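Participant: Structure file protein-v5.cif (mmCIF, C-alpha atoms) right here:
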data_start
loop_
_atom_site.label_atom_id
_atom_site.label_comp_id
_atom_site.auth_asym_id
_atom_site.auth_seq_id
_atom_site.Cartn_x
_atom_site.Cartn_y
_atom_site.Cartn_z
CA MET A 42 9.50 -19.32 12.18
CA ALA A 43 11.84 -16.78 10.58
CA LYS A 44 9.32 -14.50 8.89
CA ALA A 45 12.04 -12.49 7.21
CA SER A 46 12.73 -15.57 5.12
CA ILE A 47 9.40 -15.48 3.24
CA PRO A 48 10.30 -15.01 -0.44
CA LYS A 49 8.23 -12.56 -2.50
CA ALA A 50 6.39 -15.24 -4.47
CA ALA A 51 5.46 -17.10 -1.27
CA ALA A 52 4.27 -13.85 0.32
CA LEU A 53 1.99 -13.26 -2.66
CA ARG A 54 0.62 -16.80 -2.37
CA LEU A 55 -0.13 -16.06 1.28
CA SER A 56 -2.48 -13.21 0.25
CA LEU A 57 -4.07 -15.43 -2.40
CA TYR A 58 -4.54 -18.32 0.05
CA LEU A 59 -6.22 -15.97 2.49
CA ARG A 60 -8.69 -14.75 -0.14
CA GLU A 61 -9.47 -18.31 -1.22
CA VAL A 62 -9.96 -19.54 2.35
CA GLU A 63 -12.22 -16.55 3.06
CA ALA A 64 -14.30 -17.37 -0.02
CA LEU A 65 -14.62 -20.99 1.12
CA LEU A 66 -15.49 -19.87 4.64
CA ALA A 67 -18.18 -17.56 3.26
CA ALA A 68 -19.55 -20.56 1.37
CA GLY A 69 -19.73 -22.46 4.66
CA ALA A 70 -16.67 -24.74 4.41
CA ALA A 71 -15.34 -25.54 7.90
CA THR A 72 -12.22 -27.21 6.53
CA VAL A 73 -10.15 -26.72 3.41
CA SER A 74 -7.75 -29.13 1.73
CA SER A 75 -4.41 -28.37 0.12
CA GLY A 76 -5.90 -29.85 -3.07
CA GLN A 77 -8.75 -27.31 -3.05
CA LEU A 78 -6.38 -24.39 -2.60
CA ALA A 79 -4.07 -25.79 -5.26
CA GLU A 80 -6.83 -26.23 -7.81
CA SER A 81 -8.41 -22.82 -7.36
CA LEU A 82 -5.06 -21.04 -7.53
CA GLY A 83 -3.49 -23.13 -10.28
CA LEU A 84 -0.71 -24.52 -8.07
CA THR A 85 0.34 -28.07 -7.27
CA ALA A 86 -0.95 -29.54 -4.00
CA ALA A 87 2.68 -30.23 -3.06
CA GLN A 88 3.46 -26.50 -3.37
CA VAL A 89 0.49 -25.61 -1.16
CA ARG A 90 1.46 -28.18 1.49
CA LYS A 91 5.04 -26.91 1.43
CA ASP A 92 3.85 -23.31 1.91
CA LEU A 93 1.48 -24.20 4.72
CA ALA A 94 4.26 -26.12 6.47
CA ARG A 95 6.55 -23.10 6.05
CA PHE A 96 3.98 -20.80 7.62
CA GLY A 97 3.78 -23.04 10.67
CA GLN A 98 1.81 -26.02 11.90
CA LEU A 99 -1.53 -24.87 10.58
CA GLY A 100 -3.31 -28.19 10.18
CA ARG A 101 -2.97 -31.78 9.20
CA ALA A 102 -2.49 -32.85 5.61
CA GLY A 103 -4.97 -35.53 4.64
CA ILE A 104 -7.85 -34.47 6.88
CA GLY A 105 -7.76 -30.83 5.82
CA TYR A 106 -7.14 -27.55 7.58
CA PRO A 107 -9.71 -25.71 9.74
CA SER A 108 -10.73 -22.73 7.55
CA ALA A 109 -11.33 -20.11 10.24
CA ALA A 110 -8.08 -20.82 12.11
CA LEU A 111 -6.18 -20.89 8.81
CA ALA A 112 -7.56 -17.48 7.77
CA GLU A 113 -6.72 -16.04 11.19
CA GLU A 114 -3.16 -17.34 11.03
CA PHE A 115 -2.69 -15.98 7.49
CA ARG A 116 -3.87 -12.56 8.70
CA ARG A 117 -1.51 -12.72 11.67
CA ILE A 118 1.48 -13.48 9.42
CA LEU A 119 0.43 -10.76 6.95
CA GLY A 120 0.02 -8.34 9.85
CA THR A 121 -3.52 -7.50 8.74
CA ASP A 122 -5.05 -8.73 12.00
CA GLN A 123 -4.43 -5.18 13.30
CA MET A 124 -5.56 -1.94 11.68
CA ARG A 125 -2.68 0.16 10.34
CA PRO A 126 -2.91 3.85 9.43
CA VAL A 127 -2.09 4.95 5.88
CA ALA A 128 -1.47 8.41 4.42
CA LEU A 129 -2.91 9.13 0.98
CA VAL A 130 -1.30 11.93 -1.01
CA GLY A 131 -3.24 13.32 -3.95
CA ALA A 132 -6.90 14.32 -3.89
CA GLY A 133 -7.45 14.21 -7.65
CA ASN A 134 -9.78 11.68 -9.28
CA LEU A 135 -7.62 8.69 -8.38
CA GLY A 136 -6.97 9.87 -4.83
CA ARG A 137 -10.67 10.46 -4.26
CA ALA A 138 -11.45 7.01 -5.65
CA LEU A 139 -8.91 5.45 -3.28
CA ALA A 140 -10.18 7.52 -0.32
CA THR A 141 -13.63 6.05 -0.80
CA TYR A 142 -12.44 2.52 -1.65
CA SER A 143 -13.93 0.14 0.89
CA GLY A 144 -11.51 -2.71 0.24
CA PHE A 145 -8.60 -1.34 2.29
CA GLU A 146 -10.32 -1.24 5.64
CA ARG A 147 -11.52 -4.82 5.28
CA ARG A 148 -7.83 -5.72 4.88
CA GLY A 149 -6.50 -3.97 7.97
CA PHE A 150 -5.55 -0.62 6.43
CA LYS A 151 -7.23 2.66 7.31
CA ILE A 152 -6.52 5.79 5.35
CA THR A 153 -6.29 8.30 8.18
CA ALA A 154 -4.88 11.27 6.28
CA LEU A 155 -5.60 12.68 2.80
CA LEU A 156 -3.25 15.43 1.67
CA ASP A 157 -2.81 17.61 -1.40
CA ASN A 158 -0.78 20.67 -2.37
CA ASP A 159 -3.73 22.30 -4.14
CA LEU A 160 -5.11 24.80 -1.64
CA ARG A 161 -8.46 24.81 -3.45
CA LYS A 162 -8.85 21.16 -2.44
CA VAL A 163 -7.68 21.61 1.16
CA GLY A 164 -10.65 21.53 3.54
CA ARG A 165 -12.89 19.52 1.20
CA GLN A 166 -14.15 16.16 2.38
CA TYR A 167 -13.99 12.84 0.54
CA GLY A 168 -14.90 9.46 1.98
CA GLY A 169 -15.00 10.91 5.50
CA LEU A 170 -11.53 12.48 5.14
CA ILE A 171 -10.83 16.19 5.08
CA VAL A 172 -8.09 17.14 2.63
CA GLN A 173 -5.10 18.57 4.48
CA ASP A 174 -2.28 20.76 3.23
CA ILE A 175 0.72 18.67 2.13
CA ALA A 176 2.82 20.99 4.32
CA LYS A 177 1.39 19.10 7.29
CA LEU A 178 2.63 15.73 6.02
CA HIS A 179 5.60 15.35 8.34
CA PHE A 180 3.63 16.44 11.41
CA VAL A 181 0.69 14.12 10.65
CA CYS A 182 2.85 11.07 9.87
CA GLN A 183 4.86 11.52 13.07
CA ARG A 184 1.84 12.21 15.27
CA ASP A 185 -0.19 9.25 13.98
CA ARG A 186 2.80 6.92 13.56
CA ILE A 187 2.00 6.43 9.87
CA ARG A 188 4.50 4.16 8.13
CA LEU A 189 2.62 3.41 4.90
CA ALA A 190 1.58 5.85 2.20
CA ILE A 191 -0.26 5.80 -1.10
CA LEU A 192 0.97 8.11 -3.83
CA ALA A 193 -1.77 9.25 -6.23
CA VAL A 194 -0.29 12.41 -7.70
CA PRO A 195 0.62 13.27 -11.33
CA GLY A 196 3.85 11.73 -12.56
CA SER A 197 5.50 15.15 -12.69
CA ALA A 198 5.06 15.59 -8.91
CA ALA A 199 5.66 11.99 -7.85
CA GLN A 200 9.38 12.14 -7.05
CA ASP A 201 9.07 15.35 -5.00
CA VAL A 202 6.22 13.92 -2.96
CA ALA A 203 8.07 10.62 -2.51
CA ASP A 204 11.02 12.60 -1.09
CA LEU A 205 8.69 14.34 1.37
CA LEU A 206 7.17 11.00 2.39
CA VAL A 207 10.57 9.45 3.00
CA ARG A 208 11.56 12.43 5.17
CA ALA A 209 8.29 12.03 7.07
CA GLY A 210 9.33 8.51 8.05
CA ILE A 211 7.28 6.47 5.57
CA GLN A 212 8.68 2.94 5.16
CA GLY A 213 6.35 1.59 2.49
CA LEU A 214 5.03 3.45 -0.54
CA LEU A 215 2.27 2.28 -2.88
CA ASN A 216 2.87 4.26 -6.04
CA PHE A 217 0.15 4.80 -8.65
CA SER A 218 2.20 7.20 -10.78
CA PRO A 219 3.70 5.74 -13.96
CA VAL A 220 7.12 6.84 -12.73
CA ARG A 221 10.19 5.03 -11.42
CA LEU A 222 10.85 6.52 -7.99
CA GLU A 223 14.28 6.97 -6.45
CA THR A 224 14.11 6.16 -2.75
CA PRO A 225 16.55 5.00 -0.06
CA ALA A 226 17.06 1.23 0.04
CA GLU A 227 15.24 0.89 3.36
CA VAL A 228 11.97 2.16 1.87
CA VAL A 229 9.83 -0.44 0.11
CA VAL A 230 8.17 0.89 -3.05
CA SER A 231 5.46 -0.98 -4.88
CA THR A 232 4.23 0.47 -8.14
CA VAL A 233 0.75 -0.37 -9.37
CA ALA A 234 1.24 -0.41 -13.12
CA LEU A 235 -2.26 -0.05 -14.52
CA SER A 236 -1.09 -0.16 -18.12
CA LEU A 237 0.87 -3.34 -17.43
CA GLU A 238 -2.32 -5.03 -16.22
CA LEU A 239 -4.10 -4.04 -19.43
CA GLU A 240 -1.12 -5.10 -21.55
CA GLN A 241 -1.06 -8.55 -19.93
CA LEU A 242 -4.82 -8.91 -20.35
CA GLY A 243 -4.55 -7.94 -24.01
CA LEU A 244 -1.81 -10.50 -24.56
CA ALA A 245 -3.83 -13.26 -22.85
CA VAL A 246 -6.81 -12.51 -25.09
CA ARG A 247 -4.59 -12.45 -28.15
CA LEU A 248 -2.93 -15.78 -27.32
CA ARG A 249 -6.31 -17.36 -26.73
CA ASN A 250 -7.50 -16.29 -30.16
CA GLU A 251 -4.50 -17.62 -32.04
CA MET B 8 7.11 -19.40 -32.78
CA ALA B 9 3.98 -20.73 -31.10
CA LYS B 10 2.87 -17.65 -29.16
CA ALA B 11 0.06 -19.54 -27.49
CA SER B 12 2.75 -21.40 -25.56
CA ILE B 13 3.91 -18.34 -23.56
CA PRO B 14 3.28 -19.18 -19.88
CA LYS B 15 1.78 -16.49 -17.66
CA ALA B 16 5.03 -15.79 -15.77
CA ALA B 17 6.99 -15.43 -19.01
CA ALA B 18 4.30 -13.10 -20.41
CA LEU B 19 4.67 -10.90 -17.34
CA ARG B 20 8.46 -10.86 -17.75
CA LEU B 21 7.90 -9.73 -21.34
CA SER B 22 6.12 -6.58 -20.09
CA LEU B 23 8.85 -5.99 -17.53
CA TYR B 24 11.64 -6.48 -20.09
CA LEU B 25 9.94 -3.96 -22.37
CA ARG B 26 9.77 -1.34 -19.60
CA GLU B 27 13.41 -1.91 -18.69
CA VAL B 28 14.61 -1.73 -22.29
CA GLU B 29 12.60 1.47 -22.79
CA ALA B 30 14.22 2.99 -19.69
CA LEU B 31 17.67 2.04 -21.00
CA LEU B 32 16.79 3.42 -24.44
CA ALA B 33 15.65 6.70 -22.87
CA ALA B 34 19.01 6.82 -21.10
CA GLY B 35 20.74 6.45 -24.47
CA ALA B 36 21.77 2.78 -24.43
CA ALA B 37 21.93 1.42 -27.99
CA THR B 38 22.42 -2.15 -26.79
CA VAL B 39 21.33 -4.06 -23.73
CA SER B 40 22.80 -7.24 -22.25
CA SER B 41 20.96 -10.15 -20.68
CA GLY B 42 22.97 -9.44 -17.54
CA GLN B 43 21.64 -5.87 -17.33
CA LEU B 44 18.05 -7.02 -17.72
CA ALA B 45 18.62 -9.80 -15.19
CA GLU B 46 20.11 -7.50 -12.59
CA SER B 47 17.47 -4.80 -12.80
CA LEU B 48 14.62 -7.30 -12.66
CA GLY B 49 16.12 -9.63 -10.06
CA LEU B 50 16.35 -12.62 -12.43
CA THR B 51 19.24 -14.82 -13.45
CA ALA B 52 20.97 -14.00 -16.74
CA ALA B 53 20.28 -17.58 -17.83
CA GLN B 54 16.54 -17.00 -17.36
CA VAL B 55 16.68 -13.81 -19.42
CA ARG B 56 18.63 -15.52 -22.22
CA LYS B 57 16.18 -18.41 -22.21
CA ASP B 58 13.23 -15.98 -22.47
CA LEU B 59 14.82 -13.96 -25.25
CA ALA B 60 15.53 -17.16 -27.18
CA ARG B 61 11.92 -18.24 -26.67
CA PHE B 62 10.61 -14.95 -28.04
CA GLY B 63 12.68 -15.41 -31.20
CA GLN B 64 16.12 -14.57 -32.54
CA LEU B 65 16.30 -11.10 -31.04
CA GLY B 66 20.02 -10.67 -30.74
CA ARG B 67 23.29 -12.30 -29.99
CA ALA B 68 24.29 -13.31 -26.49
CA GLY B 69 27.70 -11.95 -25.59
CA ILE B 70 27.62 -8.79 -27.67
CA GLY B 71 24.22 -7.64 -26.40
CA TYR B 72 20.89 -6.97 -28.01
CA PRO B 73 20.01 -3.82 -30.00
CA SER B 74 17.68 -1.91 -27.63
CA ALA B 75 15.33 -0.31 -30.16
CA ALA B 76 14.78 -3.51 -32.15
CA LEU B 77 14.29 -5.46 -28.93
CA ALA B 78 11.63 -3.01 -27.68
CA GLU B 79 9.89 -3.13 -31.04
CA GLU B 80 9.85 -6.92 -31.05
CA PHE B 81 8.51 -7.04 -27.47
CA ARG B 82 5.70 -4.66 -28.48
CA ARG B 83 4.92 -6.80 -31.53
CA ILE B 84 4.64 -9.96 -29.40
CA LEU B 85 2.57 -8.12 -26.77
CA GLY B 86 0.36 -6.76 -29.53
CA THR B 87 0.85 -3.22 -28.29
CA ASP B 88 2.44 -2.07 -31.55
CA GLN B 89 -1.13 -1.36 -32.68
CA MET B 90 -3.71 0.79 -30.88
CA ARG B 91 -6.63 -1.23 -29.54
CA PRO B 92 -9.97 0.26 -28.45
CA VAL B 93 -11.17 -0.26 -24.88
CA ALA B 94 -14.57 0.32 -23.27
CA LEU B 95 -14.62 1.76 -19.76
CA VAL B 96 -17.74 1.17 -17.70
CA GLY B 97 -18.26 3.34 -14.62
CA ALA B 98 -17.89 7.13 -14.52
CA GLY B 99 -17.46 7.41 -10.75
CA ASN B 100 -14.21 8.62 -9.18
CA LEU B 101 -12.22 5.58 -10.28
CA GLY B 102 -13.68 5.55 -13.79
CA ARG B 103 -12.93 9.24 -14.21
CA ALA B 104 -9.38 8.68 -12.97
CA LEU B 105 -8.90 5.87 -15.49
CA ALA B 106 -10.49 7.93 -18.30
CA THR B 107 -7.87 10.62 -17.78
CA TYR B 108 -4.96 8.21 -17.15
CA SER B 109 -2.31 8.87 -19.76
CA GLY B 110 -0.50 5.55 -19.31
CA PHE B 111 -2.86 3.41 -21.38
CA GLU B 112 -2.46 5.22 -24.67
CA ARG B 113 1.30 5.06 -24.44
CA ARG B 114 0.86 1.26 -24.21
CA GLY B 115 -1.35 0.78 -27.24
CA PHE B 116 -4.76 1.02 -25.57
CA LYS B 117 -7.25 3.80 -26.27
CA ILE B 118 -10.37 4.14 -24.17
CA THR B 119 -12.87 4.96 -26.89
CA ALA B 120 -16.09 4.60 -24.88
CA LEU B 121 -17.04 5.61 -21.32
CA LEU B 122 -20.41 4.34 -20.14
CA ASP B 123 -22.50 4.56 -16.99
CA ASN B 124 -26.04 3.69 -15.93
CA ASP B 125 -26.46 6.97 -14.01
CA LEU B 126 -28.40 9.24 -16.34
CA ARG B 127 -27.15 12.29 -14.43
CA LYS B 128 -23.63 11.41 -15.60
CA VAL B 129 -24.59 10.65 -19.22
CA GLY B 130 -23.51 13.50 -21.48
CA ARG B 131 -20.79 14.79 -19.18
CA GLN B 132 -17.23 14.83 -20.47
CA TYR B 133 -14.12 13.41 -18.80
CA GLY B 134 -10.70 13.12 -20.37
CA GLY B 135 -12.13 13.89 -23.80
CA LEU B 136 -14.81 11.20 -23.50
CA ILE B 137 -18.54 11.86 -23.28
CA VAL B 138 -20.31 9.51 -20.86
CA GLN B 139 -22.77 7.30 -22.73
CA ASP B 140 -25.78 5.40 -21.47
CA ILE B 141 -24.85 1.81 -20.58
CA ALA B 142 -27.83 0.76 -22.71
CA LYS B 143 -25.66 1.57 -25.73
CA LEU B 144 -22.90 -0.83 -24.65
CA HIS B 145 -23.70 -3.65 -27.08
CA PHE B 146 -24.10 -1.29 -30.03
CA VAL B 147 -20.89 0.60 -29.30
CA CYS B 148 -18.76 -2.53 -28.74
CA GLN B 149 -20.02 -4.10 -31.96
CA ARG B 150 -19.66 -0.93 -34.03
CA ASP B 151 -16.13 -0.15 -32.82
CA ARG B 152 -15.01 -3.81 -32.60
CA ILE B 153 -14.13 -3.37 -28.91
CA ARG B 154 -12.86 -6.61 -27.36
CA LEU B 155 -11.38 -5.25 -24.11
CA ALA B 156 -13.19 -3.54 -21.27
CA ILE B 157 -12.39 -1.98 -17.92
CA LEU B 158 -14.91 -2.45 -15.12
CA ALA B 159 -14.90 0.40 -12.59
CA VAL B 160 -18.34 0.07 -11.02
CA PRO B 161 -19.33 -0.63 -7.40
CA GLY B 162 -19.01 -4.26 -6.33
CA SER B 163 -22.79 -4.57 -6.10
CA ALA B 164 -23.18 -3.85 -9.83
CA ALA B 165 -20.04 -5.62 -11.09
CA GLN B 166 -21.54 -9.01 -11.99
CA ASP B 167 -24.51 -7.49 -13.87
CA VAL B 168 -22.21 -5.25 -15.89
CA ALA B 169 -19.81 -8.13 -16.54
CA ASP B 170 -22.75 -10.12 -17.96
CA LEU B 171 -23.62 -7.20 -20.25
CA LEU B 172 -20.00 -6.92 -21.39
CA VAL B 173 -19.78 -10.62 -22.19
CA ARG B 174 -22.99 -10.40 -24.23
CA ALA B 175 -21.51 -7.38 -26.06
CA GLY B 176 -18.62 -9.56 -27.23
CA ILE B 177 -15.92 -8.50 -24.78
CA GLN B 178 -13.10 -11.06 -24.58
CA GLY B 179 -10.92 -9.48 -21.90
CA LEU B 180 -12.09 -7.74 -18.74
CA LEU B 181 -9.93 -5.68 -16.40
CA ASN B 182 -11.89 -5.68 -13.16
CA PHE B 183 -11.36 -3.07 -10.45
CA SER B 184 -14.27 -4.22 -8.28
CA PRO B 185 -13.32 -6.30 -5.23
CA VAL B 186 -15.62 -9.05 -6.50
CA ARG B 187 -15.05 -12.48 -7.98
CA LEU B 188 -16.79 -12.43 -11.36
CA GLU B 189 -18.48 -15.40 -12.99
CA THR B 190 -17.79 -15.37 -16.71
CA PRO B 191 -17.65 -17.93 -19.54
CA ALA B 192 -14.32 -19.74 -19.82
CA GLU B 193 -13.46 -18.00 -23.10
CA VAL B 194 -13.43 -14.56 -21.44
CA VAL B 195 -10.18 -13.57 -19.74
CA VAL B 196 -10.74 -11.70 -16.48
CA SER B 197 -7.95 -9.92 -14.64
CA THR B 198 -8.79 -8.39 -11.28
CA VAL B 199 -6.71 -5.49 -9.99
CA ALA B 200 -6.74 -6.14 -6.26
CA LEU B 201 -5.77 -2.80 -4.74
CA SER B 202 -5.98 -4.10 -1.17
CA LEU B 203 -3.73 -7.03 -2.08
CA GLU B 204 -1.06 -4.59 -3.25
CA LEU B 205 -1.24 -2.73 0.05
CA GLU B 206 -1.24 -6.00 2.01
CA GLN B 207 1.91 -7.20 0.24
CA LEU B 208 3.59 -3.83 0.78
CA GLY B 209 2.72 -3.91 4.47
CA LEU B 210 4.14 -7.41 4.81
CA ALA B 211 7.37 -6.43 3.03
CA VAL B 212 7.82 -3.47 5.42
CA ARG B 213 7.06 -5.67 8.40
CA LEU B 214 9.56 -8.36 7.34
CA ARG B 215 12.22 -5.70 6.80
CA ASN B 216 11.74 -4.38 10.32
CA GLU B 217 11.98 -7.76 12.04
#
So that I can check it, write out the structure of this file as structure tokens.
Facilitator:
Amino acid sequence: MAKASIPKAAALRLSLYLREVEALLAAGAATVSSGQLAESLGLTAAQVRKDLARFGQLGRAGIGYPSAALAEEFRRILGTDQMRPVALVGAGNLGRALATYSGFERRGFKITALLDNDLRKVGRQYGGLIVQDIAKLHFVCQRDRIRLAILAVPGSAAQDVADLLVRAGIQGLLNFSPVRLETPAEVVVSTVALSLELEQLGLAVRLRNE
Amino acid sequence: MAKASIPKAAALRLSLYLREVEALLAAGAATVSSGQLAESLGLTAAQVRKDLARFGQLGRAGIGYPSAALAEEFRRILGTDQMRPVALVGAGNLGRALATYSGFERRGFKITALLDNDLRKVGRQYGGLIVQDIAKLHFVCQRDRIRLAILAVPGSAAQDVADLLVRAGIQGLLNFSPVRLETPAEVVVSTVALSLELEQLGLAVRLRNE
């Protein structure tokens, strides 16, 4: 299987399949059908079967797929079967919220470093992490082989910090600042647009009421 | 134009078009072409033209679309040309981060109420908002005609608070808890899955390195 050929939309479905299969597993379902996955995610069963075939021989259409093995295989493809270290820059309200967010670790990501440029914050502890001086970023990322980072700094500082992260060897950047970052092509940037989520929700409510 | 016929993917493109047009406007571009929008968003120009035609007669293919009028029309369709009040429940780290987040107001959403069930937090002020007792939720939502809410409470409390919000007349719920909420069909729920964002980023980095 050529993993590099997974298109973005299919990659997203992979995460959604995993969550659905986990929910079914938690409810005690030993097998799951393509029809079940399709219905709960609003896809056609043909699309689900096509995806599952693309991800490898995961089961047999018709008699269903074994839930536990399916979840394990999804995690293997996603790379979340192993814990990966993540650097978090910004120890403001959002950074502190992310530092104490339990959802990451359950998904194979451990925030191992929390950094800030505010020396009044350095040395404080949040969610088991001691805030370190941003000046240590390069050293920490190299030492702990950190390739992923979360950016939770004010928009005005975001580009400067992104530059530091790129120089520290970060390959993937989850950006919470409402700013378009300039980074080299080999760095993957994903921006969490909180206002976009609210805008889409508002539109959905509006359409429903018309 | 039957707005209720906008499919989810097209609605999302609408938000992305608006952001792109605004960026072009900020850079001084009086007109924008379907090709420009297509290239920056990774779509085909045909798709962009089809969308723009669906959203109404916004311009003329070939000679480009007037940027300012296009942005205004997008905002009108999205409903973000008017400020809408939003209730935020949860004054923990995440709630406080969202209360002080400047991105919402720029997008037509004003958090007008911040509520929590922790009486030690009630009365404190964050981002210009005084934390109110959750017991006042129904009264406040009715009085201020609030139809949208943001849920930033621990997963263990999320369903109970969602039930309260539904009873208070909330029609759209932006959920930050890593929990699947049960709500009546007429309530739109959008869950911001922070771990899913990181998972997708990690996969993209992994695929790039293979």
Participant: Might you pull out every residue within 7 Å of stretch 112-117 of chain A, with only C-alpha atoms counted and same-chain residues fewer than 5 positions away left off, and present them as a ChimeraX atom specification?
Facilitator: /A:55,59,62-63,122
Participant: Between atom CA of A:Ile118 and atom CA of A:Phe217, what distance in Å does the model show, to one decimal?
Facilitator: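 Between atom CA of A:Ile118 and atom CA of A:Phe217 the gap works out to 25.7 Å.
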Participant: Between A:Leu135, A:Ile171, A:Leu93, A:Ala68, which has the minimum distance to chain B (counting only C-alpha atoms)?
Facilitator: A:Leu135
Participant: To one decimal place, how far is atom CA of B:Asp167 from atom CA of B:Val186 in Å?
Facilitator: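 These atoms are spaced 11.7 Å apart.
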Participant: Neighbours of B:Ile153 within 7 Å (all atoms listed in the file; same-chain residues fewer than 3 positions away dropped), as a list in words?
Facilitator: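 Skipping anything fewer than 3 positions along the chain leaves Pro92, Val93, Ala94, Cys148, Gln149 and Ile177 of chain B.
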Participant: Report, in Å to a single decimal, how far apart atom CA of B:Val129 and atom CA of B:Leu172 are.
Facilitator: 18.3 Å
Participant: I need the output of the PyMOL selection byres ((chain A and resi 174) around 8) for this file as a ChimeraX atom specification; which residues are they?
Facilitator: /A:156-160,163,172-173,175-178
Participant: Taking the file as shown, find all residues satisfying the PyMOL selection byres ((chain A) within 7 of (chain B)) and write them as a PyMOL selection string.
Facilitator: chain A and resi 44-45+53+56+119-120+134-135+137-138+144-145+148+212-213+215+219+229+231+236-237+239+241-244+246+248-249+251
Participant: Please determine, counting all atoms listed in the file, which residue among B:Leu44, B:Leu50, B:Ala36, B:Leu77 has the shortest atom-to-atom distance to B:Gly63.
Facilitator: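 So, comparing all the options, the nearest one is B:Leu77.
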Participant: Once the PyMOL selection byres ((chain B and resi 73) around 12) has been evaluated on this model, what residues remain selected, and can you format them as a list in words?
Facilitator: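 Output from the PyMOL selection byres ((chain B and resi 73) around 12), applied to this file: Val28, Glu29, Leu31, Leu32, Gly35, Ala36, Ala37, Thr38, Val39, Ser40, Ser41, Gln64, Leu65, Gly66, Arg67, Ala68, Ile70, Gly71, Tyr72, Ser74, Ala75, Ala76, Leu77, Ala78, Glu79 and Glu80 of chain B.
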Participant: Around stretch 231-242 of chain A, fit a box with edges along x, y and z, padding it by 6 Å on each side, then list its centre and edge lengths in Å to one decimal as JSON.
Facilitator:
{"center_x": 0.3, "center_y": -4.2, "center_z": -13.2, "size_x": 22.3, "size_y": 21.4, "size_z": 28.7}
Participant: Counting only C-alpha atoms, which residue out of A:His179, A:Ala198, A:Tyr58, A:Ala132 sits closest to A:Leu82?
Facilitator: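 Checking each candidate against A:Leu82, we get A:Tyr58 as the closest.
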